[in-house]
Structure formats: structure tokens, C-alpha cells
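This is coords32.cif. It holds mmCIF, C-alpha atoms and all ligand atoms.
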data_run
loop_
_atom_site.label_atom_id
_atom_site.label_comp_id
_atom_site.auth_asym_id
_atom_site.auth_seq_id
_atom_site.Cartn_x
_atom_site.Cartn_y
_atom_site.Cartn_z
CA MET A 150 -87.51 -48.89 59.65
CA ASN A 151 -86.48 -51.97 57.76
CA PHE A 152 -82.74 -51.42 58.15
CA VAL A 153 -81.29 -54.92 57.58
CA ARG A 154 -82.67 -56.37 54.36
CA GLU A 155 -82.26 -59.28 52.05
CA PRO A 156 -80.10 -58.56 48.95
CA LYS A 157 -81.86 -57.62 45.72
CA GLY A 158 -80.47 -60.65 43.97
CA ILE A 159 -78.71 -63.95 44.48
CA GLN A 160 -75.93 -65.12 42.17
CA GLU A 161 -75.25 -68.80 42.74
CA PHE A 162 -71.68 -69.79 42.08
CA LEU A 163 -72.22 -73.50 42.52
CA ASN A 164 -74.36 -75.95 40.55
CA ASP A 165 -76.06 -74.10 37.67
CA CYS A 166 -74.87 -70.60 38.68
CA GLU A 167 -78.47 -69.41 38.64
CA LEU A 168 -79.31 -65.72 38.94
CA SER A 169 -82.51 -64.85 40.80
CA GLY A 170 -83.99 -61.81 42.49
CA GLN A 171 -85.72 -58.54 41.68
CA ASN A 172 -86.03 -57.36 38.09
CA VAL A 173 -84.39 -60.47 36.64
CA VAL A 174 -85.42 -61.21 33.05
CA TRP A 175 -84.52 -64.33 31.10
CA ARG A 176 -84.23 -64.83 27.37
CA GLN A 177 -82.95 -67.69 25.25
CA LYS A 178 -81.88 -68.46 21.72
CA LYS A 179 -82.02 -71.63 19.66
CA ILE A 180 -79.04 -72.77 17.60
CA SER A 181 -81.19 -72.56 14.46
CA GLU A 182 -81.72 -68.85 15.19
CA CYS A 183 -77.97 -68.13 15.20
CA VAL A 184 -77.91 -66.94 11.61
CA ASN A 185 -74.71 -65.34 10.28
CA VAL A 186 -72.74 -66.38 13.37
CA TYR A 187 -71.03 -69.63 12.39
CA ARG A 188 -68.91 -70.23 9.31
CA ASN A 189 -71.34 -72.89 8.07
CA ASN A 190 -74.54 -70.88 8.04
CA GLU A 191 -76.53 -73.76 6.54
CA ALA A 192 -75.58 -76.20 9.31
CA VAL A 193 -77.34 -74.19 12.04
CA LYS A 194 -80.73 -74.84 10.44
CA ALA A 195 -80.45 -78.58 11.10
CA PHE A 196 -80.49 -78.13 14.89
CA GLY A 197 -84.25 -77.58 15.19
CA ASP A 198 -85.29 -76.54 18.70
CA GLN A 199 -81.96 -77.25 20.44
CA LEU A 200 -81.02 -74.37 22.74
CA ALA A 201 -77.80 -72.44 22.04
CA TYR A 202 -77.72 -70.21 25.09
CA LYS A 203 -79.83 -68.41 27.65
CA VAL A 204 -79.22 -65.08 29.31
CA ALA A 205 -80.43 -63.70 32.64
CA ASN A 206 -80.21 -59.99 33.44
CA GLN A 207 -80.93 -57.93 36.51
CA ASN A 208 -81.62 -54.29 35.64
CA PHE A 209 -83.42 -51.64 37.67
CA ASN A 210 -83.84 -49.18 34.79
CA ARG A 211 -84.24 -51.56 31.89
CA GLU A 212 -86.24 -49.45 29.45
CA ASN A 213 -84.44 -46.14 29.59
CA TYR A 214 -80.79 -46.76 28.64
CA VAL A 215 -79.67 -43.90 30.85
CA LYS A 216 -75.95 -43.36 31.15
CA GLY A 217 -74.59 -44.95 34.29
CA ASN A 218 -77.30 -47.62 34.60
CA LEU A 219 -75.49 -50.86 35.45
CA GLN A 220 -76.70 -54.32 34.57
CA TRP A 221 -75.70 -57.69 36.00
CA GLY A 222 -76.10 -60.50 33.49
CA ILE A 223 -75.19 -64.14 33.07
CA THR A 224 -74.77 -65.90 29.75
CA TYR A 225 -75.14 -69.70 29.86
CA ILE A 226 -73.83 -71.35 26.68
CA ASN A 227 -74.52 -75.02 26.02
CA PRO A 228 -71.71 -77.28 24.74
CA PHE A 229 -72.10 -78.10 21.04
CA THR A 230 -70.36 -77.59 17.74
CA VAL A 231 -71.69 -76.43 14.38
CA ASP A 232 -69.78 -78.29 11.67
CA GLY A 233 -66.88 -78.44 14.12
CA GLU A 234 -67.09 -74.81 15.25
CA CYS A 235 -67.45 -74.30 19.01
CA ALA A 236 -70.64 -72.87 20.51
CA MET A 237 -70.52 -69.11 20.96
CA THR A 238 -72.35 -65.83 21.21
CA ALA A 239 -72.75 -63.57 18.19
CA GLY A 240 -70.41 -61.02 19.74
CA HIS A 241 -70.70 -57.25 19.53
CA TYR A 242 -69.02 -53.87 19.59
CA HIS A 243 -70.17 -51.08 21.87
CA GLY A 244 -71.81 -48.23 19.99
CA ASP A 245 -70.50 -45.96 22.76
CA THR A 246 -66.84 -46.96 23.01
CA ASP A 247 -66.47 -45.04 26.29
CA CYS A 248 -68.49 -47.84 27.95
CA ASP A 249 -66.22 -50.57 29.31
CA GLU A 250 -67.42 -53.90 30.69
CA TYR A 251 -66.34 -56.73 32.98
CA TYR A 252 -66.84 -60.45 32.41
CA TYR A 253 -66.27 -63.08 35.07
CA GLY A 254 -66.02 -66.83 34.47
CA LEU A 255 -68.36 -68.83 36.73
CA LYS A 256 -68.52 -72.32 35.30
CA GLY A 257 -67.04 -74.35 32.45
CA GLU A 258 -64.21 -73.46 30.12
CA GLY A 259 -63.87 -71.40 26.99
CA PHE A 260 -62.47 -68.23 25.51
CA LEU A 261 -63.26 -64.55 25.31
CA LEU A 262 -62.36 -63.24 21.88
CA PHE A 263 -61.28 -59.60 21.52
CA TRP A 264 -60.89 -57.55 18.35
CA ASP A 265 -60.27 -53.84 17.86
CA GLY A 266 -61.71 -54.08 14.34
CA LYS A 267 -58.24 -53.67 12.88
CA ASP A 268 -55.01 -55.57 13.50
CA GLU A 269 -55.31 -56.45 17.18
CA PHE A 270 -57.15 -59.61 18.13
CA TYR A 271 -56.61 -62.14 20.88
CA ALA A 272 -58.42 -64.66 23.07
CA GLU A 273 -58.40 -64.85 26.87
CA LYS A 274 -59.05 -68.19 28.56
CA ILE A 275 -62.30 -68.36 30.54
CA PHE A 276 -62.50 -70.62 33.61
CA PRO A 277 -64.21 -70.40 37.02
CA GLY A 278 -62.75 -67.27 38.59
CA SER A 279 -61.27 -65.73 35.42
CA LEU A 280 -61.79 -61.96 35.32
CA HIS A 281 -61.93 -60.09 32.01
CA TYR A 282 -61.67 -56.34 31.59
CA ILE A 283 -63.18 -55.30 28.26
CA ASN A 284 -62.11 -51.94 26.91
CA GLY A 285 -65.11 -50.40 25.11
CA HIS A 286 -63.22 -50.18 21.83
CA TYR A 287 -62.96 -53.97 21.42
CA ALA A 288 -65.55 -56.28 19.94
CA HIS A 289 -66.04 -59.32 22.19
CA ARG A 290 -67.49 -62.82 21.87
CA ILE A 291 -67.79 -65.74 24.33
CA ILE A 292 -66.86 -69.24 23.10
CA ASN A 293 -67.65 -72.53 24.87
CA SER A 294 -64.77 -74.87 24.00
CA GLY A 295 -65.56 -77.34 26.80
CA ASP A 296 -67.84 -80.34 27.12
CA ALA A 297 -70.16 -78.78 29.70
CA LEU A 298 -72.18 -75.62 30.27
CA LEU A 299 -70.20 -72.36 30.19
CA ALA A 300 -71.54 -69.63 32.49
CA VAL A 301 -70.07 -66.13 32.31
CA ALA A 302 -71.16 -63.13 34.37
CA ALA A 303 -71.08 -59.60 32.99
CA CYS A 304 -71.31 -56.21 34.63
CA SER A 305 -72.24 -53.88 31.80
CA LEU A 306 -73.73 -50.52 30.86
CA PRO A 307 -76.79 -50.97 28.61
CA ALA A 308 -76.17 -47.40 27.38
CA SER A 309 -73.15 -48.89 25.58
CA LYS A 310 -75.67 -49.88 22.86
CA GLN A 311 -74.49 -53.28 21.68
CA ASP A 312 -73.72 -53.32 17.97
CA HIS A 313 -74.14 -56.85 16.58
CA LYS A 314 -74.56 -55.80 12.97
CA ALA A 315 -70.95 -54.72 12.43
CA ILE A 316 -69.70 -58.17 13.50
CA GLU A 317 -72.28 -59.90 11.34
CA VAL A 318 -71.11 -57.93 8.31
CA ARG A 319 -67.41 -58.27 9.10
CA PRO A 320 -66.76 -61.31 11.33
CA PHE A 321 -63.94 -61.83 13.85
CA PRO A 322 -60.59 -62.67 12.19
CA TYR A 323 -60.36 -66.08 13.90
CA ARG A 324 -62.80 -68.91 14.55
CA CYS A 325 -62.57 -71.64 17.20
CA PHE A 326 -63.07 -75.25 16.17
CA LYS A 327 -62.83 -78.53 18.04
CA ARG A 328 -61.49 -81.40 16.01
CA ASP A 329 -61.02 -84.84 17.62
CA GLY A 330 -61.31 -83.18 21.02
CA VAL A 331 -58.59 -80.62 20.28
CA VAL A 332 -59.19 -76.86 20.05
CA VAL A 333 -58.07 -75.46 16.70
CA TRP A 334 -58.07 -71.77 15.72
CA GLU A 335 -58.74 -71.06 12.07
CA LYS A 336 -58.33 -67.80 10.26
CA GLU A 337 -61.56 -66.38 8.88
CA THR A 338 -61.75 -66.20 5.13
CA TYR A 339 -63.18 -63.02 3.73
CA ALA A 340 -64.54 -62.95 0.19
CA SER A 341 -64.18 -59.19 -0.27
CA ASP A 342 -61.83 -58.18 2.52
CA PRO A 343 -58.76 -60.47 2.46
CA ARG A 344 -56.56 -60.28 5.55
FE FE B 401 -70.36 -55.85 25.65
#
Here is the file; what I need is its structure written in the form of C-alpha cells.
Ligand SMILES: [Fe+2]
Amino acid sequence: MNFVREPKGIQEFLNDCELSGQNVVWRQKKISECVNVYRNNEAVKAFGDQLAYKVANQNFNRENYVKGNLQWGITYINPFTVDGECAMTAGHYHGDTDCDEYYYGLKGEGFLLFWDGKDEFYAEKIFPGSLHYINGHYAHRIINSGDALLAVAACSLPASKQDHKAIEVRPFPYRCFKRDGVVVWEKETYASDPR
């Protein structure tokens, strides 16, 4: 019997924080594909083939979305700004708000934005070693405010059913800009839903 075995995956925490192992799938997104994410939606088109972020996931029951199936994933966000706005993920709610999540900062610096969809919103600092409990009721988005790659690990339940559409329709109340090297938070302006 093969009692002592190699682990099913390796999560580097030095260098590029690469994830490798069984059932690891990679995907990536160009900046020009990040439509309805940044305040200046036109500016994203000018970036051509430049990569916004890549994601690696290890999942042993990827297709079935069964309750309890855990996934280990890393999001690697490149450092850039779109008309001054810091690089970020689209962000999402969980369709099943019973599904919590953990994020863990591996490399770089940035923020994790939280919003309950109503009056409560805040940002937690991300840095190597920062641990972030995400209650399933809060929308969440990762922002790279640094000058280098930001790598964030997530332990999540795919059965949470990420809901990106709700954030696209009604964006987070605050946006993160970098002006002359300084991070500046700006209130979102809503045409039909003033806050
Ligand atoms: Fe999530």
C-alpha cells in the first residue's frame, strides 16, 4: 500500500506564488476584456492584449457544483491603472449567501473591498500573510494598489454561485485610484441611484 504520498498540490509562497498539482486549471483575462468594471469603460479598450489577471484553481469536482466541494484558487493581478483607477477583479456576490469564503494575501499589496449591497462597505488591507474572512452576504473585489504583482489565495465553495451581474449593474460605492503615487478613494457616482 502506498501509505506515504506526495501532496495533491504545491502552493509556492515565494517567487511567483505558483500553484501546481492535480486538477489545476488556469485561465486569464485581458484588460480590454474587463468591460463594465472600471469607471472609464472606454479606456480599457486601448490596452490591446495586455493581461489584467490570471487565475489558477485546484478542484476535484469541478463540473458538478455540489454543496461542500471546496476549491483552492489563486488570483494574480498585474499592476496597472485604467485612467488612474487601480487594477482589480470584477468582484461578485455569492448567489448562495450561506457560502462563506477565505482569502489570504501571498504577494504584493492591495485591498479587499467589501459591500453588503446597502450601507456597509469597507476595505481591508491585503499584504503577504493577511487573512480575510468573507461573510457570504458581502460582495467582494480584489484591488492591486501596488507597483508589483498581487497574488491572493482563496478557499471557496463553487456552489456559492458567483454573481458578477449584480455588481456590474450596481457597482461598489467606492473606487480606488492612484494619483501621483498616492492611493485615493473616490465615491462612485450613480446616474439613477444617487447615494
Ligand atoms: Fe467569492
Given all atoms listed in the file as the counted atoms, nearest of A:Pro322, A:Gly285, A:Pro156, A:Gly197 to Thr246 (chain A)
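The answer is A:Gly285, which sits nearest to Thr246 (chain A).
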Which residue out of A:Tyr282, A:Phe270, A:Trp334, A:Trp175 has the minimum interatomic distance to ligand FE 401 (chain B) when only C-alpha atoms and all ligand atoms are used?
A:Tyr282
Which residues are near ligand FE 401 (chain B) in this structure, taking near to mean any atom at most 10 Å from a ligand atom and counting all atoms listed in the file? Format them as a PyMOL selection string.
chain A and resi 240-244+246+248-252+283-290+303-307+309-313
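Between CA of Val204 (chain A) and CA of Gln177 (chain A) there is a distance of 6.1 Å.
Using only C-alpha atoms, the shortest contact distance between Thr230 (chain A) and any of A:Phe276, A:Tyr271, A:Tyr323, A:Phe196 is found at A:Phe196.
Distance annotation: of A:Val301, A:Leu163, A:Ile292, A:Leu168, the residue with the minimal separation from Thr224 (chain A) is A:Val301; atom set is all atoms listed in the file.
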(-68.5, -80.2, 27.9) in this file's frame - what residues fall within 9 Å of it? Use all atoms listed in the file and give the answer as a list in words.
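Those residues, ordered by chain and then number, are Asn227, Pro228, Phe229, Gly257, Glu258, Asn293, Ser294, Gly295, Asp296, Ala297, Leu298 and Leu299 of chain A.
What separates CA of Tyr202 (chain A) from CA of Cys235 (chain A) is a distance of 12.6 Å.
Computed from the coordinates, the CA of Gly254 (chain A) to CA of Asn190 (chain A) distance equals 28.1 Å.
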With distances taken over all atoms listed in the file, which of A:Asp232, A:Glu212, A:Asp247, A:Glu337 is nearest to Asn189 (chain A)?
A:Asp232
Which polymer residues, whether protein, DNA or RNA, lie within 9 Å of the coordinate (-60.5, -65.2, 36.6) when you count only C-alpha atoms? List them as a compact mmCIF listing (two decimals) with C-alpha atoms, keeping the file's coordinate frame, using the chain letters and numbers from the file.
# COMPACT_ATOMS: atom_id res chain seq x y z
CA TYR A 252 -66.84 -60.45 32.41
CA TYR A 253 -66.27 -63.08 35.07
CA GLY A 254 -66.02 -66.83 34.47
CA LEU A 255 -68.36 -68.83 36.73
CA LYS A 274 -59.05 -68.19 28.56
CA ILE A 275 -62.30 -68.36 30.54
CA PHE A 276 -62.50 -70.62 33.61
CA PRO A 277 -64.21 -70.40 37.02
CA GLY A 278 -62.75 -67.27 38.59
CA SER A 279 -61.27 -65.73 35.42
CA LEU A 280 -61.79 -61.96 35.32
CA HIS A 281 -61.93 -60.09 32.01
Kindly list the centre and edge lengths in Å, rounded to one decimal, for the axis-aligned box that covers all listed atoms of region 184-187 of chain A plus 5 Å on each of its six sides, as JSON.
{"center_x": -74.5, "center_y": -67.5, "center_z": 11.8, "size_x": 16.9, "size_y": 14.3, "size_z": 13.1}
Pick from A:Lys203, A:Arg324, A:Tyr225, A:Asn218, whichever lies nearest to Phe263 (chain A) using all atoms listed in the file
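Of all the options, A:Arg324 lies closest to Phe263 (chain A).
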Please list as an MDAnalysis selection string every residue within 12 Å of Asn185 (chain A), counting only C-alpha atoms and excluding residues in the same chain fewer than 4 positions away.
chainID A and resid 180:181 189:194 238:240 313:321
For Arg328 (chain A), find every residue with an atom within 9 Å (counting all atoms listed in the file), except residues of its own chain fewer than 3 positions away, and show them as a list in words.
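Returned residues: Gly233, Glu234, Val331, Val332 and Val333 of chain A.
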Can you list, as a PDB file with C-alpha atoms, keeping the file's coordinate frame, every protein, DNA or RNA residue that comes within 12 Å of Arg211 (chain A) when you count only C-alpha atoms, leaving out same-chain residues fewer than 3 positions away?
ATOM      1  CA  ASN A 172     -86.030 -57.360  38.090  1.00  0.00           C
ATOM      2  CA  VAL A 173     -84.390 -60.470  36.640  1.00  0.00           C
ATOM      3  CA  VAL A 174     -85.420 -61.210  33.050  1.00  0.00           C
ATOM      4  CA  ASN A 206     -80.210 -59.990  33.440  1.00  0.00           C
ATOM      5  CA  GLN A 207     -80.930 -57.930  36.510  1.00  0.00           C
ATOM      6  CA  ASN A 208     -81.620 -54.290  35.640  1.00  0.00           C
ATOM      7  CA  TYR A 214     -80.790 -46.760  28.640  1.00  0.00           C
ATOM      8  CA  VAL A 215     -79.670 -43.900  30.850  1.00  0.00           C
ATOM      9  CA  LYS A 216     -75.950 -43.360  31.150  1.00  0.00           C
ATOM     10  CA  GLY A 217     -74.590 -44.950  34.290  1.00  0.00           C
ATOM     11  CA  ASN A 218     -77.300 -47.620  34.600  1.00  0.00           C
ATOM     12  CA  LEU A 219     -75.490 -50.860  35.450  1.00  0.00           C
ATOM     13  CA  GLN A 220     -76.700 -54.320  34.570  1.00  0.00           C
ATOM     14  CA  TRP A 221     -75.700 -57.690  36.000  1.00  0.00           C
ATOM     15  CA  LEU A 306     -73.730 -50.520  30.860  1.00  0.00           C
ATOM     16  CA  PRO A 307     -76.790 -50.970  28.610  1.00  0.00           C
ATOM     17  CA  ALA A 308     -76.170 -47.400  27.380  1.00  0.00           C
TER      18      ALA A 308
END
